[in-house]
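Below is data-v8.cif, which holds mmCIF, C-alpha atoms.
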```cif
data_entry
#
loop_
_atom_site.label_atom_id
_atom_site.label_comp_id
_atom_site.auth_asym_id
_atom_site.auth_seq_id
_atom_site.Cartn_x
_atom_site.Cartn_y
_atom_site.Cartn_z
CA MET J 11 17.19 0.86 -6.36
CA THR J 12 13.92 -0.36 -4.99
CA LEU J 13 13.05 -2.70 -2.14
CA HIS J 14 10.08 -4.83 -3.18
CA VAL J 15 8.13 -6.14 -0.21
CA ILE J 16 5.57 -8.88 -0.84
CA ASN J 17 3.19 -10.44 1.69
CA LYS J 18 1.08 -13.07 -0.07
CA THR J 19 1.68 -16.82 -0.49
CA PRO J 20 3.21 -18.03 -3.78
CA SER J 21 -0.21 -19.29 -4.86
CA ASN J 22 -0.83 -15.64 -5.80
CA LEU J 23 1.28 -16.14 -8.90
CA PRO J 24 0.13 -13.07 -10.87
CA LEU J 25 1.19 -10.88 -7.94
CA TYR J 26 4.67 -12.44 -8.00
CA HIS J 27 4.86 -11.97 -11.75
CA ARG J 28 3.91 -8.31 -11.44
CA MET J 29 6.57 -7.79 -8.79
CA LEU J 30 9.23 -9.60 -10.81
CA ASN J 31 8.28 -7.52 -13.85
CA GLY J 32 8.92 -4.40 -11.83
CA LEU J 33 12.49 -5.35 -10.90
CA SER J 34 15.54 -3.42 -11.99
CA ALA J 35 19.19 -4.35 -11.48
CA GLY J 36 20.23 -3.78 -7.89
CA ASP J 37 16.73 -4.10 -6.44
CA GLY J 38 15.90 -6.26 -3.44
CA ILE J 39 12.99 -8.56 -2.68
CA LEU J 40 11.78 -9.09 0.86
CA LEU J 41 9.23 -11.79 1.69
CA ILE J 42 7.08 -10.90 4.69
CA GLU J 43 4.04 -12.46 6.35
CA ASP J 44 2.47 -15.18 4.16
CA ALA J 45 4.97 -14.53 1.37
CA VAL J 46 7.69 -16.30 3.35
CA TYR J 47 6.34 -19.60 2.01
CA ALA J 48 7.79 -18.52 -1.34
CA GLY J 49 11.15 -19.04 0.36
CA LEU J 50 10.62 -22.82 0.41
CA SER J 51 12.98 -24.62 -1.95
CA ALA J 52 9.99 -25.93 -3.93
CA HIS J 53 9.20 -22.40 -5.10
CA GLN J 54 12.63 -21.30 -6.23
CA ALA J 55 11.74 -21.66 -9.91
CA LEU J 56 9.82 -18.40 -9.39
CA PHE J 57 13.07 -16.55 -8.81
CA GLU J 58 15.17 -18.20 -11.48
CA GLY J 59 16.64 -16.05 -14.19
CA LEU J 60 16.67 -12.86 -12.12
CA PRO J 61 19.61 -10.52 -12.56
CA ILE J 62 22.42 -11.79 -10.36
CA ASP J 63 22.49 -8.69 -8.15
CA ILE J 64 18.89 -8.99 -6.94
CA LYS J 65 19.08 -9.60 -3.20
CA LEU J 66 16.52 -12.01 -1.75
CA GLY J 67 15.45 -11.82 1.88
CA ALA J 68 12.73 -13.20 4.13
CA LEU J 69 11.54 -11.69 7.39
CA GLU J 70 12.85 -13.72 10.30
CA ALA J 71 9.87 -13.32 12.63
CA ASP J 72 7.50 -14.59 9.94
CA ILE J 73 9.82 -17.45 9.00
CA GLN J 74 10.10 -18.56 12.63
CA ALA J 75 6.37 -18.22 13.31
CA ARG J 76 5.55 -20.49 10.40
CA GLY J 77 8.08 -23.23 11.17
CA LEU J 78 10.25 -22.45 8.17
CA THR J 79 13.57 -21.71 9.87
CA HIS J 80 15.23 -24.88 8.58
CA ARG J 81 13.24 -24.99 5.39
CA LEU J 82 14.22 -21.65 3.87
CA SER J 83 16.03 -21.94 0.55
CA PRO J 84 19.71 -20.92 0.88
CA THR J 85 19.13 -18.31 -1.84
CA PHE J 86 17.31 -16.24 0.79
CA THR J 87 18.87 -14.26 3.62
CA LEU J 88 17.11 -14.08 6.98
CA VAL J 89 16.19 -10.47 7.65
CA ASN J 90 15.28 -9.34 11.14
CA ASP J 91 13.21 -6.22 11.84
CA LYS J 92 16.33 -4.11 12.24
CA ALA J 93 17.68 -5.31 8.90
CA PHE J 94 14.27 -4.60 7.30
CA VAL J 95 14.63 -0.99 8.42
CA GLN J 96 18.20 -0.91 7.16
CA LEU J 97 17.17 -2.30 3.76
CA SER J 98 14.46 0.37 3.57
CA CYS J 99 17.16 3.01 3.96
CA GLU J 100 19.66 1.44 1.58
CA HIS J 101 17.11 1.41 -1.26
CA ASP J 102 15.67 4.63 -2.72
CA LYS J 103 12.12 3.49 -2.16
CA VAL J 104 9.99 0.68 -0.86
CA VAL J 105 7.20 -0.81 -3.00
CA SER J 106 4.67 -3.13 -1.36
CA TRP J 107 3.02 -5.90 -3.34
CA TYR J 108 -0.10 -7.20 -1.66
CA MET O 30 15.80 9.29 7.84
CA LYS O 31 12.26 10.60 7.69
CA PHE O 32 9.62 7.89 7.18
CA SER O 33 5.88 7.87 6.72
CA LEU O 34 3.72 4.76 6.78
CA VAL O 35 0.39 4.12 5.07
CA ILE O 36 -1.67 1.37 6.66
CA HIS O 37 -4.57 -0.06 4.66
CA ALA O 38 -4.97 -3.34 6.44
CA SER O 39 -7.67 -4.14 8.97
CA PRO O 40 -6.17 -4.77 12.43
CA PHE O 41 -8.48 -7.76 12.85
CA SER O 42 -8.40 -9.81 9.69
CA ALA O 43 -4.81 -9.41 8.54
CA GLN O 44 -1.37 -9.64 10.08
CA THR O 45 -0.23 -6.52 8.25
CA SER O 46 -1.37 -3.97 10.79
CA SER O 47 0.80 -5.62 13.44
CA THR O 48 3.74 -5.88 11.02
CA ALA O 49 3.39 -2.13 10.52
CA TYR O 50 3.51 -1.56 14.26
CA ARG O 51 6.67 -3.68 14.66
CA TYR O 52 8.26 -1.82 11.76
CA ALA O 53 7.36 1.57 13.21
CA LYS O 54 8.75 0.61 16.60
CA CYS O 55 11.96 -0.64 15.03
CA LEU O 56 12.33 2.56 12.98
CA LEU O 57 12.18 4.60 16.17
CA ASP O 58 14.51 2.24 18.03
CA GLU O 59 17.01 2.72 15.21
CA GLY O 60 16.83 6.48 15.60
CA HIS O 61 14.77 7.28 12.51
CA GLN O 62 12.02 9.86 12.44
CA ILE O 63 8.39 9.05 11.65
CA PHE O 64 6.78 12.09 10.06
CA ARG O 65 3.30 10.60 9.97
CA ILE O 66 1.35 7.38 10.05
CA PHE O 67 -1.70 7.50 7.83
CA TYR O 68 -4.50 4.98 8.32
CA TYR O 69 -6.60 4.42 5.21
CA GLY O 70 -9.38 2.03 4.18
CA ASP O 71 -9.92 -0.72 6.76
CA GLY O 72 -6.70 0.40 8.45
CA VAL O 73 -8.74 3.07 10.25
CA LEU O 74 -10.49 0.39 12.31
CA VAL O 75 -7.58 0.33 14.75
CA ALA O 76 -8.52 3.82 15.97
CA ASN O 77 -11.78 2.75 17.60
CA GLN O 78 -11.43 3.32 21.33
CA GLN O 79 -13.98 0.58 22.01
CA ILE O 80 -11.67 -2.14 20.69
CA THR O 81 -11.60 -4.89 23.30
CA PRO O 82 -9.46 -7.86 22.32
CA PRO O 83 -9.59 -11.08 24.34
CA GLN O 84 -7.10 -10.99 27.22
CA ASP O 85 -4.76 -13.51 25.58
CA GLU O 86 -4.45 -11.44 22.39
CA SER O 87 -2.28 -8.39 21.91
CA ASN O 88 -3.92 -4.99 21.78
CA LEU O 89 -2.70 -3.08 18.77
CA LEU O 90 -4.68 0.02 19.71
CA THR O 91 -3.03 0.49 23.08
CA ALA O 92 0.34 -0.42 21.54
CA TRP O 93 0.02 2.40 18.97
CA GLN O 94 -1.17 4.80 21.65
CA ALA O 95 1.81 4.05 23.87
CA LEU O 96 4.25 4.38 20.96
CA ALA O 97 2.62 7.64 19.89
CA GLU O 98 2.82 9.05 23.38
CA GLU O 99 6.44 8.09 23.84
CA HIS O 100 7.55 9.53 20.50
CA ALA O 101 4.94 12.23 19.87
CA LEU O 102 3.81 10.45 16.70
CA ASP O 103 1.35 12.00 14.28
CA LEU O 104 -1.29 9.28 13.85
CA VAL O 105 -3.72 10.47 11.19
CA VAL O 106 -6.89 8.57 10.36
CA CYS O 107 -8.51 9.20 6.97
CA ILE O 108 -11.68 11.06 7.88
CA ALA O 109 -13.78 9.77 4.96
CA ALA O 110 -12.77 6.15 5.57
CA ALA O 111 -13.30 6.50 9.34
CA VAL O 112 -16.68 8.23 9.40
CA LYS O 113 -18.02 5.69 6.92
CA ARG O 114 -16.93 2.94 9.31
CA GLY O 115 -18.45 4.60 12.35
CA ILE O 116 -15.28 6.05 13.84
CA LEU O 117 -16.08 9.60 14.85
CA ASP O 118 -14.38 12.31 16.82
CA GLU O 119 -16.39 14.86 18.84
CA ASN O 120 -16.86 17.14 15.85
CA GLU O 121 -18.09 14.45 13.50
CA ALA O 122 -20.36 12.93 16.16
CA LYS O 123 -21.97 16.34 16.59
CA ARG O 124 -22.16 16.97 12.86
CA TYR O 125 -23.92 13.67 12.17
CA GLU O 126 -25.92 13.77 15.41
CA LYS O 127 -24.50 10.54 16.77
CA PRO O 128 -24.72 9.84 20.51
CA ASN O 129 -20.99 9.59 21.09
CA ALA O 130 -17.51 9.91 19.68
CA ASN O 131 -15.28 6.85 19.65
CA LEU O 132 -12.01 7.95 18.07
CA ALA O 133 -9.27 6.70 20.37
CA SER O 134 -7.05 9.30 22.01
CA GLY O 135 -3.74 9.82 20.29
CA PHE O 136 -5.34 9.66 16.82
CA GLU O 137 -6.80 12.48 14.75
CA LEU O 138 -9.22 12.50 11.84
CA SER O 139 -8.08 14.37 8.77
CA GLY O 140 -8.17 14.32 4.99
CA LEU O 141 -6.06 12.75 2.28
CA GLY O 142 -4.09 15.97 1.99
CA GLN O 143 -2.22 14.76 5.06
CA LEU O 144 -1.11 11.69 3.13
CA ALA O 145 -0.14 13.76 0.10
CA GLU O 146 1.94 15.99 2.37
CA ALA O 147 3.55 12.97 4.02
CA ILE O 148 4.53 11.60 0.61
CA ALA O 149 5.91 14.99 -0.37
CA VAL O 150 8.13 15.50 2.65
CA SER O 151 9.22 11.99 3.67
CA ASP O 152 12.39 10.24 2.51
CA ARG O 153 10.55 6.92 2.47
CA VAL O 154 6.89 6.03 2.33
CA VAL O 155 6.11 2.45 3.20
CA THR O 156 2.71 0.95 2.46
CA PHE O 157 1.21 -1.80 4.58
CA GLY O 158 -1.63 -3.20 2.48
CA SER O 159 -4.01 -5.99 3.25
CA MET C 2 5.71 21.74 1.15
CA SER C 3 9.10 20.78 -0.24
CA ALA C 4 10.11 20.11 -3.84
CA LYS C 5 7.55 18.28 -5.90
CA LYS C 6 7.93 14.57 -5.62
CA SER C 7 6.58 12.41 -8.37
CA ILE C 8 4.29 9.59 -7.38
CA LEU C 9 3.38 6.41 -9.22
CA ILE C 10 0.19 4.73 -8.11
CA ILE C 11 -0.04 1.09 -9.14
CA ASN C 12 -3.60 -0.15 -9.37
CA GLN C 13 -3.98 -3.88 -9.31
CA SER C 14 -7.51 -4.28 -7.95
CA ALA C 15 -10.72 -4.73 -9.93
CA PRO C 16 -13.47 -2.14 -9.34
CA TYR C 17 -16.70 -2.73 -7.34
CA GLY C 18 -15.49 -5.96 -5.70
CA SER C 19 -13.22 -3.92 -3.43
CA SER C 20 -12.79 -0.27 -2.56
CA ASN C 21 -9.09 -0.15 -3.45
CA GLY C 22 -9.71 1.45 -6.84
CA ARG C 23 -11.74 4.31 -5.39
CA GLU C 24 -9.25 4.92 -2.60
CA SER C 25 -6.42 5.03 -5.08
CA LEU C 26 -8.17 7.55 -7.33
CA ASP C 27 -9.05 9.72 -4.32
CA LEU C 28 -5.38 9.82 -3.44
CA ALA C 29 -4.36 10.53 -7.04
CA LEU C 30 -6.72 13.52 -7.20
CA THR C 31 -5.50 14.81 -3.84
CA CYS C 32 -1.83 14.57 -4.82
CA SER C 33 -2.65 16.42 -7.99
CA ILE C 34 -4.28 19.24 -5.98
CA PHE C 35 -0.96 19.47 -4.13
CA GLU C 36 0.70 19.80 -7.53
CA MET C 37 2.59 16.55 -7.23
CA PRO C 38 3.11 14.86 -10.60
CA VAL C 39 0.99 11.70 -10.55
CA SER C 40 1.24 8.67 -12.84
CA LEU C 41 -1.26 5.84 -12.72
CA LEU C 42 -0.49 2.31 -13.80
CA PHE C 43 -3.42 -0.09 -14.20
CA VAL C 44 -2.01 -3.59 -14.23
CA GLY C 45 -3.35 -7.11 -13.69
CA ASP C 46 -6.88 -6.90 -12.27
CA GLY C 47 -6.47 -3.13 -12.16
CA LEU C 48 -7.08 -3.03 -15.91
CA TYR C 49 -10.74 -3.89 -15.26
CA GLN C 50 -11.24 -0.47 -13.65
CA LEU C 51 -10.89 1.07 -17.09
CA ILE C 52 -13.45 -1.01 -19.02
CA ASN C 53 -16.10 1.27 -20.50
CA ASN C 54 -19.92 1.11 -20.36
CA GLN C 55 -20.04 0.47 -16.62
CA SER C 56 -23.58 0.62 -15.18
CA PRO C 57 -23.48 -0.08 -11.45
CA GLU C 58 -27.01 1.26 -10.85
CA GLN C 59 -28.32 -2.09 -9.58
CA LEU C 60 -25.40 -2.33 -7.15
CA GLN C 61 -26.22 1.13 -5.85
CA MET C 62 -22.56 1.94 -6.04
CA LYS C 63 -20.84 4.98 -7.51
CA LYS C 64 -19.74 4.61 -11.08
CA HIS C 65 -16.02 4.04 -11.19
CA GLU C 66 -15.87 5.22 -14.76
CA ALA C 67 -17.24 8.61 -13.67
CA MET C 68 -14.41 8.96 -11.17
CA LEU C 69 -11.90 8.15 -13.88
CA SER C 70 -13.34 10.87 -16.05
CA ALA C 71 -12.28 13.39 -13.39
CA LEU C 72 -8.59 12.58 -13.92
CA PRO C 73 -8.02 14.81 -16.97
CA MET C 74 -9.62 17.74 -15.12
CA TYR C 75 -6.94 17.32 -12.47
CA ASP C 76 -4.26 17.22 -15.15
CA ILE C 77 -3.54 13.56 -14.56
CA ASP C 78 -2.72 12.31 -18.02
CA GLN C 79 0.04 9.80 -17.33
CA ILE C 80 -2.17 6.72 -17.38
CA TYR C 81 -0.47 3.47 -18.27
CA VAL C 82 -1.80 0.08 -19.33
CA THR C 83 0.25 -2.84 -20.59
CA ALA C 84 -0.38 -4.24 -24.05
CA GLU C 85 0.02 -7.73 -22.59
CA ASP C 86 -2.80 -7.23 -20.06
CA LEU C 87 -5.09 -6.02 -22.85
CA SER C 88 -4.36 -8.91 -25.16
CA GLU C 89 -4.53 -11.53 -22.39
CA ASN C 90 -8.08 -10.30 -21.76
CA ASP C 91 -8.99 -10.02 -25.45
CA LEU C 92 -9.52 -6.31 -24.95
CA THR C 93 -8.37 -3.36 -27.04
CA GLU C 94 -8.03 0.34 -26.34
CA ASN C 95 -11.56 0.71 -27.74
CA ASP C 96 -12.86 -1.14 -24.69
CA LEU C 97 -11.41 1.45 -22.33
CA ALA C 98 -13.20 4.39 -20.78
CA MET C 99 -10.38 6.82 -21.46
CA PRO C 100 -7.27 7.33 -23.53
CA VAL C 101 -4.23 5.60 -22.03
CA THR C 102 -0.56 5.19 -22.83
CA LEU C 103 0.09 1.61 -23.88
CA ILE C 104 3.37 0.20 -22.65
CA GLN C 105 5.06 -3.16 -22.78
CA ARG C 106 5.19 -5.02 -19.49
CA ASP C 107 8.95 -4.66 -19.23
CA VAL C 108 8.59 -0.88 -19.05
CA ILE C 109 7.00 -1.15 -15.58
CA ALA C 110 10.44 -1.46 -14.00
CA SER C 111 11.52 1.89 -15.40
CA LEU C 112 8.25 3.53 -14.32
CA ILE C 113 9.03 2.39 -10.78
CA GLN C 114 12.58 3.65 -11.08
CA GLN C 115 11.62 7.06 -12.46
CA ASN C 116 9.18 8.01 -9.72
CA ASP C 117 10.17 9.23 -6.26
CA SER C 118 7.43 7.35 -4.49
CA VAL C 119 5.39 4.30 -5.49
CA LEU C 120 2.11 3.36 -3.82
CA THR C 121 0.14 0.22 -4.58
CA PHE C 122 -3.58 -0.37 -4.28
#
```

Could you render the structure as C-alpha cells?
Amino acid sequence: MTLHVINKTPSNLPLYHRMLNGLSAGDGILLIEDAVYAGLSAHQALFEGLPIDIKLGALEADIQARGLTHRLSPTFTLVNDKAFVQLSCEHDKVVSWY
Amino acid sequence: MKFSLVIHASPFSAQTSSTAYRYAKCLLDEGHQIFRIFYYGDGVLVANQQITPPQDESNLLTAWQALAEEHALDLVVCIAAAVKRGILDENEAKRYEKPNANLASGFELSGLGQLAEAIAVSDRVVTFGS
Amino acid sequence: MSAKKSILIINQSAPYGSSNGRESLDLALTCSIFEMPVSLLFVGDGLYQLINNQSPEQLQMKKHEAMLSALPMYDIDQIYVTAEDLSENDLTENDLAMPVTLIQRDVIASLIQQNDSVLTF
C-alpha cells in the first residue's frame, strides 16, 4: 500500500494521470499545497473510476489557507498534519508527485 | 517509526520547504524518529546563514535550526548542490579560496552517500519536491 | 548498513531545461555503489532524457546521454519506458540512447509496489 502525495494544481493533468496510473488497490491519495484545488467538486471527474478502496484526502492547512473549507468535494477527507503522519505510517511507502 | 526526508524545493520560491518543516515537526511531536533530513538541489538554499527574510515573514532557517537543536537532528546538505550554489563550510571555503564560509550552524555538507544510507535504513523516506 | 532495500527512481523531467534528471542519475549511481538494487522509470517528460544524438555543446552543458551511458557500468540495467509514452511522441526504441525494458503503462503500479522505496525527480 502506497500513499501518493501530490502538490500541483489539477491543470497539471499529465502529472495526475501518472499518479493515477501508479495506483494499486488499497492505496491512498493526499492532496497537498496547490493540489488541494483538485478537491473542488468541478474536478472530481479526475478521480472517477478508481478502485473503491482508494482513500482520498486533502491537507487541512492548505485547504483552509486557500478558502476551500466549504468547497471541498465530500469524496475527500480533511487530513490534518497529525493524520498526514499517521497515513505515512499506515502505508508501506510514500510517493511524491510534483 | 524511523523517517528520512529529502527536500528538493527552494525555500524561497515554493511552499514545499515549509510543508516539509511542518511535517518534520509533527513527526517528532508524534514520537517518531527522524534519521536524517537531506537537502538536495535548490533545497540546499535554506542552509545559507545569511538568509534574512523580511520581519513579517517566517524564517525557515532558524526554524530548522531550533528543531535540530531540540531533537539532535542530522541535517545534511548535498555538498555538490551546495558548493555550486555558493553555500560553503569552512573546509570548502578554504579549498576554493573564498573569503568566508556561510553554511548555517546545525547543518553539515556531505555527499549523496548520506542519502543512500538514509534510504537504506529508514522505514519511510518522504520526498518534498518543488 | 542494513538489508538491501530496493529503490525505484521515477524520472518525469526533461533534460537540460532542469537539473532534475542529472540529480536523479547521481543518486541512482550512488545507491548502486551502496549495492542497493536500483530501477529507473522514465515516464512522461522523463522519456526525453533518453533520446539519442544529444549535442549540448552550444549550451555548454554536460551531455545527459553520456551520464546515462554510465548506468550499465554501475550494473543498473532495470530501465523502464512505457510503450504509450513512446508512441504518443512518435518515437521508437531506435530513438533511444540505450536499451530499455518496454512496459505498458499499467505496469507502473506494480513497479511502485515491488520496490521498498520510491523517489521521484

Do you have, as a Markdown table, the list of residues of chain C lying at most 9 Å from chain O, each with its nearest atom pair and that distance in Å to one decimal, counting only C-alpha atoms and ordered by chain then number?
```
| residue | atom | partner | partner_atom | distance |
| --- | --- | --- | --- | --- |
| C:Met2 | CA | O:Val150 | CA | 6.9 |
| C:Ser3 | CA | O:Val150 | CA | 6.1 |
| C:Ala4 | CA | O:Ala149 | CA | 7.5 |
| C:Lys5 | CA | O:Ala149 | CA | 6.6 |
| C:Lys6 | CA | O:Ala149 | CA | 5.6 |
| C:Ser7 | CA | O:Ala149 | CA | 8.4 |
| C:Ile8 | CA | O:Ile148 | CA | 8.2 |
| C:Ser20 | CA | O:Gly70 | CA | 7.9 |
| C:Asn21 | CA | O:Gly70 | CA | 7.9 |
| C:Glu24 | CA | O:Gly70 | CA | 7.4 |
| C:Asp27 | CA | O:Leu141 | CA | 7.9 |
| C:Leu28 | CA | O:Leu141 | CA | 6.5 |
| C:Ala29 | CA | O:Ala145 | CA | 8.9 |
| C:Thr31 | CA | O:Gly142 | CA | 6.1 |
| C:Cys32 | CA | O:Ala145 | CA | 5.3 |
| C:Ser33 | CA | O:Ala145 | CA | 8.9 |
| C:Ile34 | CA | O:Gly142 | CA | 8.6 |
| C:Phe35 | CA | O:Ala145 | CA | 7.2 |
| C:Met37 | CA | O:Ala149 | CA | 7.8 |
| C:Ser118 | CA | O:Val154 | CA | 7.0 |
| C:Val119 | CA | O:Val154 | CA | 8.1 |
| C:Leu120 | CA | O:Thr156 | CA | 6.8 |
| C:Thr121 | CA | O:Thr156 | CA | 7.5 |
| C:Phe122 | CA | O:Gly158 | CA | 7.6 |
```

**Study point:** At most 6 Å to chain O: residues in chain J, all atoms listed in the file, as a PyMOL selection string
**Key:** chain J and resi 103-104+106+108

Practice item. Restrict the distance test to all atoms listed in the file, flag each residue of chain C within 9 Å of chain J, and return the flagged residues as JSON, numbers by chain. Key: {"C": [13, 44, 45, 106, 107, 108, 109, 110, 111, 112, 113, 114, 117, 118, 119, 120, 121, 122]}

Box for range 67-83 of chain O - axis-aligned, 8 Å on each of the six sides, all listed atoms - centre and size in Å to one decimal, as JSON.
```
{"center_x": -7.8, "center_y": -1.8, "center_z": 14.3, "size_x": 28.3, "size_y": 34.6, "size_z": 36.2}
```

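Near Leu97 in chain J, within 9 Å and counting all atoms listed in the file, sit Leu13, Gly38, Lys92, Ala93 and His101 of chain J, not including residues fewer than 4 positions from it in the same chain.
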
Practice item. Could you list the residues chosen by the PyMOL selection byres ((chain J and resi 88) around 12) in this structure as number ranges by chain? Key: J: 39-42, 46, 49, 65-74, 78-87, 89-94

Exercise for review: Can you work out the spacing between CA of Glu137 in chain O and CA of Phe41 in chain O in Å, to one decimal?
Suggested key: 20.4 Å

Review point. Just so the selection is clear, what residues does the PyMOL selection byres ((chain C and resi 65) around 9) cover here, as an MDAnalysis selection string?
Key: chainID C and resid 16:17 22:23 50:51 55 57 62:64 66:70

Exercise for review: Enter the distance from CA of Leu30 in chain C to CA of Glu85 in chain C, in Å, rounded to one decimal.
Suggested key: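 Value for the CA of Leu30 in chain C-CA of Glu85 in chain C distance: 27.1 Å.
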